[in-house]
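**Q** Coordinates in model_16.cif, mmCIF, C-alpha atoms, are listed below.
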```cif
data_model
loop_
_atom_site.label_atom_id
_atom_site.label_comp_id
_atom_site.auth_asym_id
_atom_site.auth_seq_id
_atom_site.Cartn_x
_atom_site.Cartn_y
_atom_site.Cartn_z
CA MET A 30 -13.91 -10.53 -16.13
CA GLN A 31 -16.41 -13.29 -16.86
CA SER A 32 -18.56 -11.13 -19.10
CA GLU A 33 -15.55 -10.26 -21.28
CA ALA A 34 -14.28 -13.89 -21.63
CA PHE A 35 -15.03 -15.69 -24.89
CA HIS A 36 -16.36 -18.82 -23.13
CA ASN A 37 -19.25 -16.78 -21.69
CA ASN A 38 -20.23 -15.38 -25.06
CA VAL A 39 -23.68 -16.67 -26.07
CA ILE A 40 -22.78 -16.93 -29.76
CA PHE A 41 -19.68 -18.99 -28.95
CA ARG A 42 -21.68 -21.27 -26.64
CA ILE A 43 -24.27 -21.92 -29.38
CA LEU A 44 -21.98 -22.29 -32.41
CA TRP A 45 -19.01 -24.12 -30.93
CA PRO A 46 -20.70 -27.43 -29.85
CA PRO A 47 -21.97 -28.28 -33.40
CA ILE A 48 -18.57 -27.45 -34.88
CA PHE A 49 -16.56 -29.45 -32.36
CA GLY A 50 -19.21 -32.18 -32.28
CA ALA A 51 -18.88 -32.62 -36.04
CA LEU A 52 -15.08 -32.85 -35.77
CA ALA A 53 -15.33 -35.28 -32.85
CA TYR A 54 -17.82 -37.41 -34.75
CA LEU A 55 -15.50 -37.55 -37.75
CA LEU A 56 -12.64 -38.60 -35.47
CA ILE A 57 -14.77 -41.30 -33.85
CA LEU A 58 -15.73 -42.70 -37.26
CA LEU A 59 -12.08 -42.62 -38.28
CA LEU A 60 -10.95 -44.49 -35.18
CA ASN A 61 -13.73 -47.06 -35.65
CA ASN A 62 -12.83 -47.50 -39.33
CA ASN A 63 -16.36 -46.40 -40.29
CA LEU A 64 -15.37 -43.43 -42.40
CA ASP A 65 -16.82 -45.12 -45.49
CA ASP A 66 -20.28 -44.90 -43.90
CA LEU A 67 -20.02 -41.12 -43.51
CA SER A 68 -22.28 -40.30 -46.45
CA SER A 69 -25.10 -42.46 -45.13
CA SER A 70 -24.69 -41.95 -41.39
CA TYR A 71 -23.46 -38.39 -40.89
CA PHE A 72 -26.77 -36.90 -39.79
CA THR A 73 -27.75 -39.82 -37.56
CA GLN A 74 -28.58 -39.84 -33.88
CA GLU A 75 -24.90 -40.63 -33.10
CA PHE A 76 -23.94 -37.25 -34.53
CA LEU A 77 -26.72 -35.55 -32.59
CA PHE A 78 -25.59 -37.29 -29.41
CA THR A 79 -21.99 -36.15 -29.99
CA VAL A 80 -23.14 -32.54 -30.35
CA ILE A 81 -25.26 -32.76 -27.18
CA LEU A 82 -22.36 -34.37 -25.31
CA THR A 83 -20.06 -31.59 -26.51
CA PHE A 84 -22.51 -28.96 -25.31
CA GLY A 85 -22.86 -30.65 -21.91
CA VAL A 86 -19.10 -31.05 -21.40
CA PHE A 87 -18.26 -27.46 -22.33
CA GLU A 88 -21.13 -26.04 -20.24
CA ILE A 89 -19.98 -28.00 -17.17
CA ASN A 90 -16.43 -26.74 -17.71
CA ARG A 91 -17.66 -23.18 -18.21
CA LEU A 92 -19.71 -23.21 -15.02
CA PHE A 93 -16.85 -24.70 -13.02
CA ILE A 94 -14.35 -22.13 -14.33
CA ASN A 95 -16.72 -19.32 -13.38
CA LEU A 96 -17.30 -20.79 -9.90
CA SER A 97 -13.56 -21.38 -9.39
CA ARG A 98 -13.02 -17.62 -9.32
CA LYS A 99 -14.57 -17.62 -5.84
CA ILE A 100 -12.04 -20.18 -4.58
CA ASN A 101 -9.17 -18.45 -2.77
CA ILE A 102 -5.91 -19.93 -4.08
CA THR A 103 -3.05 -17.43 -3.95
CA SER A 104 -0.51 -19.43 -5.96
CA ILE A 105 -1.00 -19.03 -9.71
CA SER A 106 0.51 -22.43 -10.54
CA GLY A 107 -1.58 -24.05 -7.81
CA ARG A 108 -4.71 -22.40 -9.13
CA ILE A 109 -4.05 -23.52 -12.71
CA THR A 110 -3.29 -27.09 -11.59
CA PHE A 111 -6.44 -27.20 -9.47
CA ILE A 112 -8.71 -25.95 -12.28
CA LEU A 113 -7.24 -28.31 -14.89
CA ASN A 114 -7.47 -31.36 -12.64
CA ILE A 115 -11.06 -30.70 -11.54
CA ALA A 116 -12.11 -29.91 -15.12
CA LEU A 117 -10.57 -33.20 -16.26
CA ILE A 118 -12.36 -35.14 -13.52
CA LEU A 119 -15.72 -33.48 -14.21
CA THR A 120 -15.39 -34.10 -17.94
CA THR A 121 -14.48 -37.76 -17.44
CA ILE A 122 -17.46 -38.31 -15.12
CA CYS A 123 -19.84 -36.47 -17.45
CA VAL A 124 -18.68 -38.41 -20.53
CA PHE A 125 -18.76 -41.75 -18.74
CA VAL A 126 -22.30 -41.21 -17.41
CA LEU A 127 -23.81 -39.82 -20.63
CA VAL A 128 -22.18 -42.34 -22.95
CA THR A 129 -23.20 -45.22 -20.69
CA LEU A 130 -26.80 -43.96 -20.51
CA TYR A 131 -26.88 -43.47 -24.28
CA PHE A 132 -25.70 -46.96 -25.13
CA LYS A 133 -27.82 -48.69 -22.48
CA LEU A 134 -31.05 -46.68 -22.67
CA ILE A 135 -31.09 -45.51 -26.29
CA LEU A 136 -29.21 -48.27 -28.10
CA ASN A 137 -30.21 -51.04 -25.61
CA TYR A 138 -26.74 -52.48 -25.12
CA SER A 139 -26.84 -55.11 -22.39
CA SER A 140 -23.35 -54.78 -20.91
CA MET A 141 -20.55 -52.23 -20.82
CA GLY A 142 -18.20 -54.66 -22.49
CA SER A 143 -20.21 -54.43 -25.67
CA PHE A 144 -19.46 -50.72 -26.07
CA SER A 145 -16.16 -50.47 -24.20
CA ARG A 146 -14.26 -49.49 -27.36
CA GLU A 147 -16.61 -46.59 -28.08
CA LEU A 148 -16.52 -45.51 -24.42
CA THR A 149 -12.71 -45.53 -24.48
CA ILE A 150 -12.68 -43.36 -27.60
CA PHE A 151 -15.08 -40.87 -26.02
CA LEU A 152 -13.01 -40.84 -22.79
CA PHE A 153 -9.93 -40.08 -24.88
CA ILE A 154 -11.35 -37.32 -27.10
CA PHE A 155 -13.46 -35.25 -24.73
CA PRO A 156 -11.14 -35.04 -21.65
CA ALA A 157 -8.32 -34.00 -24.01
CA ALA A 158 -10.59 -31.39 -25.56
CA SER A 159 -11.61 -30.27 -22.07
CA LEU A 160 -7.97 -29.69 -21.09
CA VAL A 161 -7.36 -27.62 -24.23
CA TYR A 162 -10.58 -25.65 -23.71
CA THR A 163 -9.85 -24.99 -20.03
CA ALA A 164 -6.25 -24.00 -20.77
CA LEU A 165 -7.42 -21.52 -23.41
CA VAL A 166 -9.98 -20.01 -21.03
CA ILE A 167 -7.40 -19.68 -18.23
CA ALA A 168 -4.90 -18.11 -20.64
CA ASN A 169 -7.56 -15.69 -21.84
CA GLN A 170 -8.43 -14.74 -18.27
CA PHE A 171 -4.81 -14.12 -17.31
CA LEU A 172 -4.22 -12.14 -20.50
CA TYR A 173 -7.28 -10.03 -19.76
CA GLN A 174 -6.11 -9.50 -16.17
CA GLU A 175 -2.65 -8.53 -17.38
CA ASN A 176 -4.18 -6.00 -19.78
CA GLU A 177 -6.36 -4.66 -16.97
CA ASN A 178 -3.29 -4.26 -14.75
CA LEU A 179 -1.44 -2.43 -17.53
CA ILE A 180 -4.42 -0.13 -18.10
CA GLN A 181 -4.69 0.50 -14.36
CA HIS A 182 -0.96 1.19 -14.19
CA GLU A 183 -1.24 3.69 -17.05
CA LYS A 184 -4.22 5.29 -15.32
CA ILE A 185 -2.24 5.65 -12.10
CA LEU A 186 0.68 7.17 -14.04
CA SER A 187 -1.72 9.60 -15.71
CA GLU A 188 -3.25 10.56 -12.35
CA ASN A 189 0.23 11.01 -10.86
CA LEU A 190 1.18 13.29 -13.73
CA GLU A 191 -1.96 15.34 -13.13
CA LEU A 192 -1.15 15.51 -9.41
CA GLU A 193 2.40 16.56 -10.21
CA LEU A 194 1.03 19.28 -12.48
CA VAL A 195 -1.36 20.49 -9.77
CA LYS A 196 1.46 20.35 -7.21
CA TYR A 197 3.72 22.35 -9.54
CA GLN A 198 0.97 24.92 -10.07
CA ASN A 199 0.51 25.17 -6.32
CA ASP A 200 4.27 25.45 -5.83
CA VAL A 201 4.40 28.30 -8.32
CA ASN A 202 1.65 30.01 -6.28
CA PRO A 203 -0.09 32.00 -9.03
CA GLU A 204 -2.16 33.98 -6.50
CA LEU A 205 0.96 35.44 -4.91
CA PHE A 206 2.46 36.03 -8.34
CA TYR A 207 -0.51 38.07 -9.63
CA ASP A 208 -0.86 40.01 -6.37
CA SER A 209 2.82 40.89 -6.61
CA LEU A 210 2.51 41.97 -10.23
CA GLU A 211 -0.39 44.27 -9.37
CA SER A 212 1.60 45.80 -6.52
CA LEU A 213 4.62 46.10 -8.80
CA ILE A 214 2.63 48.06 -11.38
CA SER A 215 1.67 50.51 -8.65
CA LEU A 216 5.27 50.77 -7.41
CA LEU A 217 6.59 51.47 -10.90
CA HIS A 218 4.50 54.62 -11.00
CA LYS A 219 5.44 55.52 -7.44
CA ASP A 220 9.16 54.75 -7.06
CA PRO A 221 11.22 52.78 -9.62
CA PHE A 222 13.93 52.06 -6.99
CA ASP A 223 11.39 50.46 -4.63
CA ALA A 224 10.03 48.55 -7.60
CA GLU A 225 13.49 47.16 -8.29
CA ASP A 226 13.83 45.99 -4.68
CA TYR A 227 10.34 44.52 -4.91
CA ILE A 228 11.33 42.54 -8.01
CA ASP A 229 14.42 41.22 -6.21
CA ARG A 230 12.32 39.97 -3.31
CA LEU A 231 9.83 38.35 -5.67
CA ALA A 232 12.70 36.62 -7.45
CA MET A 233 14.10 35.36 -4.13
CA VAL A 234 10.72 33.88 -3.16
CA TYR A 235 10.40 31.94 -6.40
CA ARG A 236 14.07 30.97 -6.35
CA HIS A 237 13.44 29.44 -2.92
CA ILE A 238 10.31 27.64 -4.18
CA LEU A 239 12.01 26.18 -7.26
CA SER A 240 15.34 25.31 -5.60
CA ASN A 241 13.55 23.27 -2.91
CA LYS A 242 10.98 21.73 -5.23
CA ASN A 243 12.45 18.21 -4.96
CA ALA A 244 14.01 18.55 -1.49
CA GLU A 245 12.54 16.59 1.42
CA LEU A 246 13.68 19.03 4.11
CA THR A 247 15.12 22.50 4.36
CA SER A 248 16.30 24.70 7.20
CA LEU A 249 13.89 26.92 9.09
CA LYS A 250 16.22 29.84 8.34
CA GLU A 251 15.60 29.52 4.60
CA GLU A 252 11.86 29.27 5.14
CA LEU A 253 11.83 32.35 7.40
CA THR A 254 13.80 34.30 4.82
CA ALA A 255 11.21 33.40 2.20
CA CYS A 256 8.40 34.23 4.67
CA ASN A 257 9.86 37.68 5.31
CA ASN A 258 10.01 38.30 1.58
CA ILE A 259 6.39 37.18 1.17
CA VAL A 260 5.33 39.53 3.99
CA VAL A 261 7.13 42.40 2.25
CA LEU A 262 5.43 41.55 -1.04
CA LEU A 263 1.95 41.37 0.48
CA ASN A 264 2.47 44.44 2.65
CA GLU A 265 2.21 46.56 -0.48
CA LYS A 266 -1.35 45.30 -0.82
CA TYR A 267 -2.16 45.57 2.90
CA ASN A 268 -0.48 48.95 3.55
CA HIS A 269 2.35 47.53 5.70
CA LEU A 270 -0.04 46.22 8.36
CA ILE A 271 1.55 42.74 8.48
CA SER A 272 4.53 41.90 10.67
CA LEU A 273 6.46 38.67 11.15
CA LYS A 274 8.69 38.21 14.22
CA SER A 275 10.60 35.28 15.65
CA SER A 276 11.75 34.77 19.24
CA LEU A 277 13.83 31.73 18.26
CA ASN A 278 17.56 32.23 18.57
CA GLU A 279 19.82 31.98 15.54
CA GLU A 280 21.22 28.57 16.51
CA GLU A 281 17.73 27.06 16.73
CA ILE A 282 16.70 28.61 13.42
CA GLN A 283 19.75 27.05 11.76
CA SER A 284 19.29 23.58 13.30
CA ILE A 285 15.51 23.13 12.92
CA LEU A 286 14.41 21.43 9.73
CA VAL A 287 11.02 21.82 8.07
CA ILE A 288 9.32 20.52 4.96
CA PRO A 289 9.94 23.01 2.10
CA GLY A 290 7.03 25.39 1.63
CA SER A 291 5.31 24.44 4.88
CA ILE A 292 6.03 27.64 6.83
CA THR A 293 5.59 29.94 3.82
CA ASN A 294 2.24 28.36 2.97
CA ILE A 295 1.04 28.57 6.58
CA VAL A 296 2.05 32.23 6.86
CA GLU A 297 0.45 33.12 3.53
CA SER A 298 -2.73 31.20 4.46
CA ILE A 299 -2.93 33.13 7.75
CA ILE A 300 -2.59 36.42 5.88
CA ARG A 301 -5.21 35.59 3.27
CA ASN A 302 -7.75 34.37 5.85
CA SER A 303 -7.39 37.30 8.28
CA ILE A 304 -9.09 40.67 8.41
CA ILE A 305 -6.28 43.23 8.09
CA THR A 306 -7.10 46.88 8.72
CA PRO A 307 -5.38 49.80 10.48
CA VAL A 308 -7.52 48.94 13.53
CA LEU A 309 -6.74 45.22 13.25
CA PRO A 310 -3.14 44.82 12.05
CA LEU A 311 -1.77 41.29 11.73
CA ALA A 312 1.22 40.33 13.86
CA ILE A 313 2.57 36.81 13.30
CA GLU A 314 5.06 35.47 15.86
CA LEU A 315 7.23 32.37 15.92
CA GLU A 316 8.21 31.02 19.32
CA GLU A 317 9.50 27.78 20.75
CA GLU A 318 6.97 25.86 22.80
CA SER A 319 8.96 22.75 23.77
CA ASP A 320 11.72 20.52 22.53
CA ASP A 321 9.26 18.92 20.13
CA TYR A 322 7.30 21.88 18.75
CA PHE A 323 7.59 25.52 17.82
CA THR A 324 4.51 27.68 17.39
CA ILE A 325 3.22 30.19 14.86
CA ARG A 326 0.91 32.49 16.83
CA HIS A 327 -1.36 35.35 15.74
CA LYS A 328 -4.52 37.14 16.80
CA LEU A 329 -7.64 35.50 15.45
CA ASN A 330 -9.37 37.92 13.09
CA GLU A 331 -10.91 35.50 10.62
CA ARG A 332 -12.53 36.75 7.46
CA LEU A 333 -16.24 36.14 7.09
CA GLN A 334 -15.55 34.18 3.92
CA SER A 335 -12.28 32.31 4.21
CA THR A 336 -10.17 31.55 1.18
CA SER A 337 -10.62 27.89 0.35
CA ASP A 338 -7.39 26.04 -0.27
CA ASN A 339 -5.88 22.68 0.63
CA ARG A 340 -2.50 23.98 1.72
CA PHE A 341 -2.90 23.23 5.42
CA TYR A 342 -4.29 19.75 4.68
CA ASP A 343 -1.37 19.01 2.33
CA ILE A 344 1.13 20.16 4.94
CA GLN A 345 -0.50 17.98 7.62
CA LYS A 346 -0.37 15.01 5.24
CA ALA A 347 3.31 15.66 4.50
CA TYR A 348 4.24 15.81 8.20
CA SER A 349 2.39 12.55 8.85
CA ILE A 350 5.34 10.81 7.19
CA PHE A 351 7.41 11.70 10.26
CA GLU A 352 4.56 10.62 12.60
CA LYS A 353 4.56 14.11 14.09
CA PRO A 354 1.31 15.89 13.28
CA ILE A 355 0.73 19.62 13.01
CA VAL A 356 -1.62 20.83 15.74
CA THR A 357 -3.90 23.87 15.43
CA VAL A 358 -5.40 25.43 18.56
CA LYS A 359 -7.76 28.40 18.77
CA ALA A 360 -8.04 29.89 22.24
CA TYR A 361 -8.30 33.29 23.97
CA GLY A 362 -8.77 35.11 20.67
CA GLU A 363 -5.58 33.69 19.19
CA GLN A 364 -4.64 30.86 16.89
CA PHE A 365 -1.64 28.63 17.58
CA VAL A 366 -0.20 26.46 14.82
CA LYS A 367 2.21 24.00 16.40
CA ILE A 368 4.90 22.72 14.03
CA PRO A 369 6.93 19.61 14.97
CA ILE A 370 10.65 20.21 15.32
CA LEU A 371 12.79 18.02 13.07
CA ARG A 372 16.55 17.90 13.53
CA MET A 373 19.38 16.09 11.83
CA GLU A 374 20.84 13.40 14.07
CA LYS A 375 24.39 14.38 14.94
CA SER A 376 25.58 11.05 16.33
CA THR A 377 25.50 9.24 12.99
CA GLN A 378 26.88 9.85 9.56
CA SER A 379 23.54 9.18 7.93
CA SER A 380 20.91 11.75 7.13
CA GLU A 381 18.37 10.26 9.51
CA VAL A 382 15.91 12.82 10.89
CA LEU A 383 14.74 12.78 14.50
#
```
How would this structure read if it were set down as structure tokens?
**A**
Amino acid sequence: MQSEAFHNNVIFRILWPPIFGALAYLLILLLNNNLDDLSSSYFTQEFLFTVILTFGVFEINRLFINLSRKINITSISGRITFILNIALILTTICVFVLVTLYFKLILNYSSMGSFSRELTIFLFIFPAASLVYTALVIANQFLYQENENLIQHEKILSENLELELVKYQNDVNPELFYDSLESLISLLHKDPFDAEDYIDRLAMVYRHILSNKNAELTSLKEELTACNNIVVLLNEKYNHLISLKSSLNEEEIQSILVIPGSITNIVESIIRNSIITPVLPLAIELEEESDDYFTIRHKLNERLQSTSDNRFYDIQKAYSIFEKPIVTVKAYGEQFVKIPILRMEKSTQSSEVL
């Protein structure tokens, strides 16, 4: 932030001391009733001293304000009070020392009493100017920070919109859509009645995707229905070599809750990353493993070049909200995807999920 602040600007640091020094010198002459001597004394050493004093005071304040950024004060009011008080003290000390040295060493005044009036005027003008200067710098810094926060907030909103768009595109599943359209074109030439049934199943899949787009949880039964429709759709491409079976009883299927799209995405990912031939058909089975998990199991026939997608990672991230991770195990030529079982708590009226 320091590089953007006006008090760190080189041009401001060079031009401001002569301008303020001239105004301060005029004020000093006015308070001393010496304004009539302005025409003969304006460009004297007193004016030069005032400009140098102005430069010294503002530079000390600038350096302190920059260093104060490293001081950890959480309270905004406390931070402002601290900076103003220290700036006032530093300015008073600086003015007192420089003015005293000037009058004693340059003008050869013997005692402080002989220039006490001038010292008082300097101690009135410059600390007041220091407070105004410091307040302006602090206000500028907070305004800049506020603008930065607004820009960052807008950036986050923009990124969220992009993520929502990507999520929507993933939810729509264009790969499945185009595969289905290609199979549908083939079916239209083969059997219009099968094509009509195929369209109905495709509509049910996307109806399920869109109806659960904003839902947090859905029943396993709905997900399995969508999975069966996806298997039917993709079987046209893979010559009916894919099967999906479940050993879970109907009551369990109704009571188990899952994140919408999790099971369908896992099943589709398994299909797209498996070698499927008449010799190596793909059989996907759902079975209960324990009270906490059910398993999606299939023979491991991985393609040499797997389809790269982030579906499984996104599903794992979604389930981390419930502190129940998805576990993937590959053993004995099979892959086991263990899905945590979520149920609605029956003992309360709330919608809390176990």
**Q** Rank A:Leu117, A:Leu277, A:Ile48, A:Ile368 by their smallest atom-to-atom distance to Lys250 (chain A), using only C-alpha atoms, and report the top residue only.
**A**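 Smallest separation from Lys250 (chain A) among the options: A:Leu277.
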**Q** Measuring between all atoms listed in the file, which one of A:Ile285, A:Leu262, A:Leu249, A:Val126 shows the shortest distance to Asp229 (chain A)?
**A**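 Between A:Ile285, A:Leu262, A:Leu249, A:Val126, the residue approaching Asp229 (chain A) most closely is A:Leu262.
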**Q** Of the candidates A:Phe155, A:Thr121, A:Leu44, A:Ala255, which one gets nearest to Thr79 (chain A) if we count all atoms listed in the file?
**A**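 Smallest separation from Thr79 (chain A) among the options: A:Phe155.
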**Q** Taking the file as I've supplied it (selection: the PyMOL selection byres ((chain A and resi 271) around 7)), which residues are included? Please answer as a PDB file with C-alpha atoms, keeping the file's coordinate frame.
**A**
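expr.pdb was written with the following content:
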```
ATOM      1  CA  VAL A 260       5.330  39.530   3.990  1.00  0.00           C
ATOM      2  CA  ASN A 264       2.470  44.440   2.650  1.00  0.00           C
ATOM      3  CA  HIS A 269       2.350  47.530   5.700  1.00  0.00           C
ATOM      4  CA  LEU A 270      -0.040  46.220   8.360  1.00  0.00           C
ATOM      5  CA  SER A 272       4.530  41.900  10.670  1.00  0.00           C
ATOM      6  CA  LEU A 273       6.460  38.670  11.150  1.00  0.00           C
ATOM      7  CA  PRO A 310      -3.140  44.820  12.050  1.00  0.00           C
ATOM      8  CA  LEU A 311      -1.770  41.290  11.730  1.00  0.00           C
ATOM      9  CA  ALA A 312       1.220  40.330  13.860  1.00  0.00           C
TER      10      ALA A 312
END
```
**Q** Could you check how far CA of Arg236 (chain A) sits from CA of Glu297 (chain A), in Å to one decimal?
**A**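 It comes out at 17.0 Å.
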**Q** Can you pull out every residue within 10 Å of Ala116 (chain A), counting only C-alpha atoms, but drop anything in the same chain fewer than 2 positions away, and send it as a PyMOL selection string?
**A** chain A and resi 86-87+89-91+93-94+110-114+118-122+156+159-160+162-163
**Q** Please list as a ChimeraX atom specification every residue within 8 Å of region 364-367 of chain A, counting only C-alpha atoms and excluding residues in the same chain fewer than 3 positions away.
**A** /A:322-329,355-360
**Q** Keeping only C-alpha atoms, take the residues you just selected and write them out as a compact mmCIF listing (two decimals), keeping the file's coordinate frame.
**A**
```txt
# COMPACT_ATOMS: atom_id res chain seq x y z
CA TYR A 322 7.30 21.88 18.75
CA PHE A 323 7.59 25.52 17.82
CA THR A 324 4.51 27.68 17.39
CA ILE A 325 3.22 30.19 14.86
CA ARG A 326 0.91 32.49 16.83
CA HIS A 327 -1.36 35.35 15.74
CA LYS A 328 -4.52 37.14 16.80
CA LEU A 329 -7.64 35.50 15.45
CA ILE A 355 0.73 19.62 13.01
CA VAL A 356 -1.62 20.83 15.74
CA THR A 357 -3.90 23.87 15.43
CA VAL A 358 -5.40 25.43 18.56
CA LYS A 359 -7.76 28.40 18.77
CA ALA A 360 -8.04 29.89 22.24
```
**Q** Quick one: distance from CA of Lys346 (chain A) to CA of Ile370 (chain A) in Å, one decimal?
**A**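 If I compute the distance from CA of Lys346 (chain A) to CA of Ile370 (chain A), I get 15.8 Å.
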**Q** Determine the residue membership of the PyMOL selection byres ((chain A and resi 296) around 9) for the file above and supply it as a PyMOL selection string.
**A** chain A and resi 256+259-260+273+291-295+297-301+313+325
**Q** Would you please work out which residue, of A:Ser303, A:Ser275, A:Ser240, A:Ser319, is nearest to Pro289 (chain A) when using all atoms listed in the file?
**A**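 Smallest distance to Pro289 (chain A) is found for A:Ser240.
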**Q** With the file shown as input, list the residues that the PyMOL selection byres ((chain A and resi 50) around 8) selects, as a PyMOL selection string.
**A** chain A and resi 46-49+51-54+76+79-83
**Q** CA of Ile109 (chain A) and CA of Asn169 (chain A) are how many Å apart?
**A**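 About the pair CA of Ile109 (chain A) and CA of Asn169 (chain A): they are 12.5 Å apart.
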**Q** So which residues touch Ser140 (chain A) within 10 Å, counting all atoms listed in the file, skipping near sequence neighbours fewer than 6 positions away, as a PyMOL selection string?
**A** chain A and resi 129+132-133
**Q** List every protein, DNA or RNA residue that has at least one atom no more than 10 Å from (-4.9, -17.9, -17.4) in the file's coordinates, counting all atoms listed in the file, and write the result as a VMD selection string.
**A** chain A and resid 105 to 106 108 to 109 163 to 175
**Q** Which one of A:Tyr361, A:Phe41, A:Phe125, A:Tyr348 sits closest to Glu245 (chain A) if you count all atoms listed in the file?
**A** A:Tyr348
**Q** What's the 9 Å shell around region 206-211 of chain A, counting all atoms listed in the file, without same-chain residues fewer than 3 positions away, as a list in words?
**A**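 In the requested form, the answer reads Val201, Asn202, Pro203, Ile214, Ser215, Leu216, Tyr227, Ile228, Leu231, Leu262, Leu263, Glu265 and Lys266 of chain A.
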**Q** Tell me which of A:Val287, A:Leu333, A:Ala157, A:Ile282 sits closest to Ile304 (chain A), counting all atoms listed in the file.
**A**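 Going through A:Val287, A:Leu333, A:Ala157, A:Ile282 one by one, the smallest distance to Ile304 (chain A) is for A:Leu333.
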